[in-house]
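Below: the structure, in structure tokens.
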Amino acid sequence: MAAKHGRCAIALGSNMGESGAILAAAIETLAQTPGIMLKATSSWYITKAIGPPQPDYLNGCAILEVEQPPQQLLETLLATEQKFGRVRSQHWGPRSLDLDLLLYDDLILDTPTLQIPHPRMCDRAFVLVPLAEIAPNWTEPVSGRLVKDLLKDVDCSDVHLLKGS
């Protein structure tokens, strides 16, 4: 049986350490992972953190073509976070690397360990702004709305393009 090819969108974020270098290295790590082909990356955006007081985030999105089912892809993302020093000590706390699986084709999945589409992506400007840059016409399968249209419903005032990205 041939491996299933899937198109997926991931969100990347960092607000600890050299965030720009960490995010670039994480993209490179994923691009070199067997069964993952990097199709597009957004610009990087400086965004206000949600949760406890902490430094601003650097956020972006990437589109991947994958030969892994969603659960296996999630495990790859979690392993990549750990490689870059991710420690899950505080809910919504600062992190060296945060990788979220946003969309996987038009799949709707709800398991104890994985929800696709990401349950909070439609409310988050720091996800929708970079995602709309690289996948404006992707339909979010729960709402049936295009990413570029979802973006119109969120406040983007705390999302700023990183100069030179």
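Here, A, B, ... name the chains of the structure tokens in the order displayed, residue numbers run from 1 inside each chain, and ligands are numbered from 1 in the same displayed order.
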
Just the residues within 12 Å of A:Thr111, please, counting only C-alpha atoms, with nothing from its chain fewer than 6 positions along; format it as a VMD selection string. chain A and resid 70 to 71 117 to 119

Go ahead and write the residues just picked, N, CA and C atoms, as a CSV table (one decimal), in the first residue's frame.
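See again_7.csv below for the written result:
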chain,number,residue,atom,x,y,z
A,70,PRO,N,-1.6,11.7,10.4
A,70,PRO,CA,-1.6,12.9,11.3
A,70,PRO,C,-0.9,12.5,12.7
A,71,GLN,N,-1.3,11.4,13.3
A,71,GLN,CA,-0.7,11.1,14.6
A,71,GLN,C,0.8,10.9,14.6
A,117,PRO,N,-9.1,20.4,12.5
A,117,PRO,CA,-8.2,21.5,12.6
A,117,PRO,C,-7.9,21.8,14.1
A,118,HIS,N,-6.8,22.6,14.3
A,118,HIS,CA,-6.4,23.0,15.6
A,118,HIS,C,-7.6,23.8,16.2
A,119,PRO,N,-8.0,23.4,17.4
A,119,PRO,CA,-9.3,23.9,18.0
A,119,PRO,C,-9.3,25.4,18.2

I want to know what sits within 8 Å of stretch 150-156 of chain A, based on only C-alpha atoms, with residues of the same chain fewer than 5 positions away left out; could you give that as JSON, numbers by chain? {"A": [122, 123, 124, 125, 126, 128, 129, 132, 145]}

Write the residues you've just listed into a file as a PDB file, in the first residue's frame, and include all heavy atoms for each of them.
ATOM      1  N   CYS A 122      -8.826  29.428  14.612  1.00  0.00           N
ATOM      2  CA  CYS A 122      -9.693  30.448  14.013  1.00  0.00           C
ATOM      3  C   CYS A 122      -9.799  31.716  14.860  1.00  0.00           C
ATOM      4  O   CYS A 122     -10.279  32.741  14.381  1.00  0.00           O
ATOM      5  CB  CYS A 122     -11.085  29.878  13.771  1.00  0.00           C
ATOM      6  SG  CYS A 122     -11.082  28.557  12.540  1.00  0.00           S
ATOM      7  N   ASP A 123      -9.361  31.642  16.122  1.00  0.00           N
ATOM      8  CA  ASP A 123      -9.416  32.803  17.017  1.00  0.00           C
ATOM      9  C   ASP A 123      -8.082  33.529  17.118  1.00  0.00           C
ATOM     10  O   ASP A 123      -7.987  34.529  17.819  1.00  0.00           O
ATOM     11  CB  ASP A 123      -9.790  32.354  18.448  1.00  0.00           C
ATOM     12  CG  ASP A 123     -11.038  31.501  18.466  1.00  0.00           C
ATOM     13  OD1 ASP A 123     -11.949  31.776  17.670  1.00  0.00           O
ATOM     14  OD2 ASP A 123     -11.091  30.551  19.272  1.00  0.00           O
ATOM     15  N   ARG A 124      -7.051  33.003  16.502  1.00  0.00           N
ATOM     16  CA  ARG A 124      -5.697  33.489  16.770  1.00  0.00           C
ATOM     17  C   ARG A 124      -5.095  34.216  15.572  1.00  0.00           C
ATOM     18  O   ARG A 124      -4.715  33.597  14.582  1.00  0.00           O
ATOM     19  CB  ARG A 124      -4.808  32.311  17.169  1.00  0.00           C
ATOM     20  CG  ARG A 124      -5.248  31.710  18.497  1.00  0.00           C
ATOM     21  CD  ARG A 124      -4.381  30.557  18.881  1.00  0.00           C
ATOM     22  NE  ARG A 124      -4.596  30.219  20.290  1.00  0.00           N
ATOM     23  CZ  ARG A 124      -4.061  29.177  20.883  1.00  0.00           C
ATOM     24  NH1 ARG A 124      -3.279  28.350  20.192  1.00  0.00           N
ATOM     25  NH2 ARG A 124      -4.282  28.946  22.157  1.00  0.00           N
ATOM     26  N   ALA A 125      -4.969  35.516  15.709  1.00  0.00           N
ATOM     27  CA  ALA A 125      -4.362  36.319  14.641  1.00  0.00           C
ATOM     28  C   ALA A 125      -2.929  35.867  14.379  1.00  0.00           C
ATOM     29  O   ALA A 125      -2.484  35.841  13.234  1.00  0.00           O
ATOM     30  CB  ALA A 125      -4.407  37.798  15.009  1.00  0.00           C
ATOM     31  N   PHE A 126      -2.205  35.467  15.435  1.00  0.00           N
ATOM     32  CA  PHE A 126      -0.797  35.073  15.252  1.00  0.00           C
ATOM     33  C   PHE A 126      -0.659  33.784  14.442  1.00  0.00           C
ATOM     34  O   PHE A 126       0.424  33.477  13.951  1.00  0.00           O
ATOM     35  CB  PHE A 126      -0.047  34.979  16.585  1.00  0.00           C
ATOM     36  CG  PHE A 126      -0.502  33.887  17.517  1.00  0.00           C
ATOM     37  CD1 PHE A 126      -0.020  32.595  17.392  1.00  0.00           C
ATOM     38  CD2 PHE A 126      -1.388  34.163  18.545  1.00  0.00           C
ATOM     39  CE1 PHE A 126      -0.426  31.582  18.253  1.00  0.00           C
ATOM     40  CE2 PHE A 126      -1.798  33.163  19.424  1.00  0.00           C
ATOM     41  CZ  PHE A 126      -1.323  31.875  19.269  1.00  0.00           C
ATOM     42  N   LEU A 128      -3.445  33.007  12.011  1.00  0.00           N
ATOM     43  CA  LEU A 128      -4.132  33.301  10.754  1.00  0.00           C
ATOM     44  C   LEU A 128      -3.366  34.274   9.860  1.00  0.00           C
ATOM     45  O   LEU A 128      -3.411  34.148   8.635  1.00  0.00           O
ATOM     46  CB  LEU A 128      -5.538  33.833  11.040  1.00  0.00           C
ATOM     47  CG  LEU A 128      -6.506  32.813  11.644  1.00  0.00           C
ATOM     48  CD1 LEU A 128      -7.820  33.490  12.017  1.00  0.00           C
ATOM     49  CD2 LEU A 128      -6.755  31.646  10.701  1.00  0.00           C
ATOM     50  N   VAL A 129      -2.653  35.244  10.446  1.00  0.00           N
ATOM     51  CA  VAL A 129      -1.916  36.208   9.610  1.00  0.00           C
ATOM     52  C   VAL A 129      -0.842  35.492   8.775  1.00  0.00           C
ATOM     53  O   VAL A 129      -0.837  35.613   7.545  1.00  0.00           O
ATOM     54  CB  VAL A 129      -1.332  37.362  10.452  1.00  0.00           C
ATOM     55  CG1 VAL A 129      -0.362  38.204   9.627  1.00  0.00           C
ATOM     56  CG2 VAL A 129      -2.449  38.248  11.006  1.00  0.00           C
ATOM     57  N   ALA A 132      -2.536  32.960   6.274  1.00  0.00           N
ATOM     58  CA  ALA A 132      -3.196  33.611   5.130  1.00  0.00           C
ATOM     59  C   ALA A 132      -2.175  34.088   4.099  1.00  0.00           C
ATOM     60  O   ALA A 132      -2.479  34.203   2.919  1.00  0.00           O
ATOM     61  CB  ALA A 132      -4.049  34.782   5.613  1.00  0.00           C
ATOM     62  N   ARG A 145     -14.940  27.883   5.895  1.00  0.00           N
ATOM     63  CA  ARG A 145     -14.524  29.216   5.442  1.00  0.00           C
ATOM     64  C   ARG A 145     -13.056  29.211   5.034  1.00  0.00           C
ATOM     65  O   ARG A 145     -12.248  28.456   5.565  1.00  0.00           O
ATOM     66  CB  ARG A 145     -14.747  30.245   6.556  1.00  0.00           C
ATOM     67  CG  ARG A 145     -16.228  30.382   6.911  1.00  0.00           C
ATOM     68  CD  ARG A 145     -16.445  31.347   8.037  1.00  0.00           C
ATOM     69  NE  ARG A 145     -16.069  32.696   7.637  1.00  0.00           N
ATOM     70  CZ  ARG A 145     -15.739  33.657   8.498  1.00  0.00           C
ATOM     71  NH1 ARG A 145     -15.726  33.423   9.793  1.00  0.00           N
ATOM     72  NH2 ARG A 145     -15.420  34.860   8.057  1.00  0.00           N
TER      73      ARG A 145
END

So that I can see what lies close to stretch 96-109 of chain A, please list as number ranges by chain the residues with an atom at most 6 Å from it, counting only C-alpha atoms and leaving out residues fewer than 3 positions away in the same chain. A: 6-16, 81, 86, 115-118, 141

Exercise: A:Tyr57 partners within 12 Å, only C-alpha atoms, chain neighbours under 4 positions left out, as a PyMOL selection string: chain A and resi 12-20+23+44-51+53+92-98+126-127+158-162

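With only C-alpha atoms as the atoms that count, the minimum distance from A:Leu131 to the choices A:Ala25, A:Val147, A:Val66, A:Ala79 is reached by A:Val147.
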
Check chain A with DSSP on the backbone and list each residue it calls alpha helix (DSSP H), as JSON, numbers by chain. {"A": [19, 20, 21, 22, 23, 24, 25, 26, 27, 28, 29, 30, 31, 70, 71, 72, 73, 74, 75, 76, 77, 78, 79, 80, 81, 82, 83, 125, 126, 127, 128, 129, 130, 131, 132, 133, 134, 147, 148, 149, 150, 151]}

Please extract the residues of stretch 4-77 of chain A with a backbone DSSP assignment of strand (DSSP E or B) and present them as an MDAnalysis selection string. chainID A and resid 6:14 36:41 45:47 57:66

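Closest approach to A:Asn59 from the set A:Ala24, A:Leu114, A:Ala135, A:Val142 is made by A:Ala24, with distances taken over only C-alpha atoms.
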
Between A:Arg120, A:Gly60, A:Glu75, A:Pro136, single out the one closest to A:Ser43, counting only C-alpha atoms. A:Gly60

Selection: 12 Å around A:Thr33, only C-alpha atoms, excl. self and same-chain fewer than 3 positions, as a list in words: Ala26, Ile27, Glu28, Thr29, Leu30, Ile36, Met37, Leu38, Leu64, Glu65, Val66, Glu67, Gln68, Leu73, Thr76, Leu77, Ala79 and Thr80 of chain A

Only N, CA and C atoms, please: the residues just picked out, written as a compact mmCIF listing (two decimals), in the first residue's frame.
# COMPACT_ATOMS: atom_id res chain seq x y z
N ALA A 26 14.37 24.78 13.11
CA ALA A 26 13.25 23.84 13.20
C ALA A 26 12.67 23.56 11.81
N ILE A 27 12.53 24.60 11.00
CA ILE A 27 12.05 24.43 9.61
C ILE A 27 13.02 23.52 8.85
N GLU A 28 14.32 23.78 9.01
CA GLU A 28 15.34 22.98 8.32
C GLU A 28 15.28 21.52 8.78
N THR A 29 15.11 21.31 10.09
CA THR A 29 15.00 19.96 10.64
C THR A 29 13.81 19.22 10.02
N LEU A 30 12.66 19.88 9.97
CA LEU A 30 11.47 19.25 9.39
C LEU A 30 11.68 18.97 7.91
N ILE A 36 8.74 14.21 4.72
CA ILE A 36 8.22 15.58 4.85
C ILE A 36 8.89 16.45 3.80
N MET A 37 8.07 17.13 3.00
CA MET A 37 8.60 18.08 2.01
C MET A 37 8.07 19.46 2.35
N LEU A 38 8.97 20.40 2.52
CA LEU A 38 8.59 21.77 2.82
C LEU A 38 8.11 22.43 1.53
N LEU A 64 3.47 21.88 4.57
CA LEU A 64 4.26 20.67 4.34
C LEU A 64 3.46 19.69 3.50
N GLU A 65 4.17 18.93 2.69
CA GLU A 65 3.60 17.76 2.02
C GLU A 65 4.19 16.57 2.78
N VAL A 66 3.33 15.72 3.33
CA VAL A 66 3.81 14.66 4.21
C VAL A 66 3.36 13.29 3.75
N GLU A 67 4.15 12.28 4.09
CA GLU A 67 3.81 10.88 3.84
C GLU A 67 3.55 10.18 5.17
N GLN A 68 3.09 10.95 6.15
CA GLN A 68 2.83 10.39 7.47
C GLN A 68 1.37 10.64 7.82
N LEU A 73 2.76 12.39 12.35
CA LEU A 73 3.28 13.74 12.13
C LEU A 73 3.33 14.51 13.45
N THR A 76 6.34 13.53 15.30
CA THR A 76 7.52 14.17 14.70
C THR A 76 7.64 15.62 15.19
N LEU A 77 6.52 16.34 15.23
CA LEU A 77 6.54 17.74 15.70
C LEU A 77 6.94 17.82 17.17
N ALA A 79 8.74 15.65 18.86
CA ALA A 79 10.16 15.29 18.96
C ALA A 79 11.04 16.46 18.54
N THR A 80 10.59 17.21 17.53
CA THR A 80 11.35 18.38 17.08
C THR A 80 11.34 19.46 18.15

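Rounded to one decimal, atom CA of A:Phe84 and atom CA of A:Thr41 lie 19.0 Å from each other.
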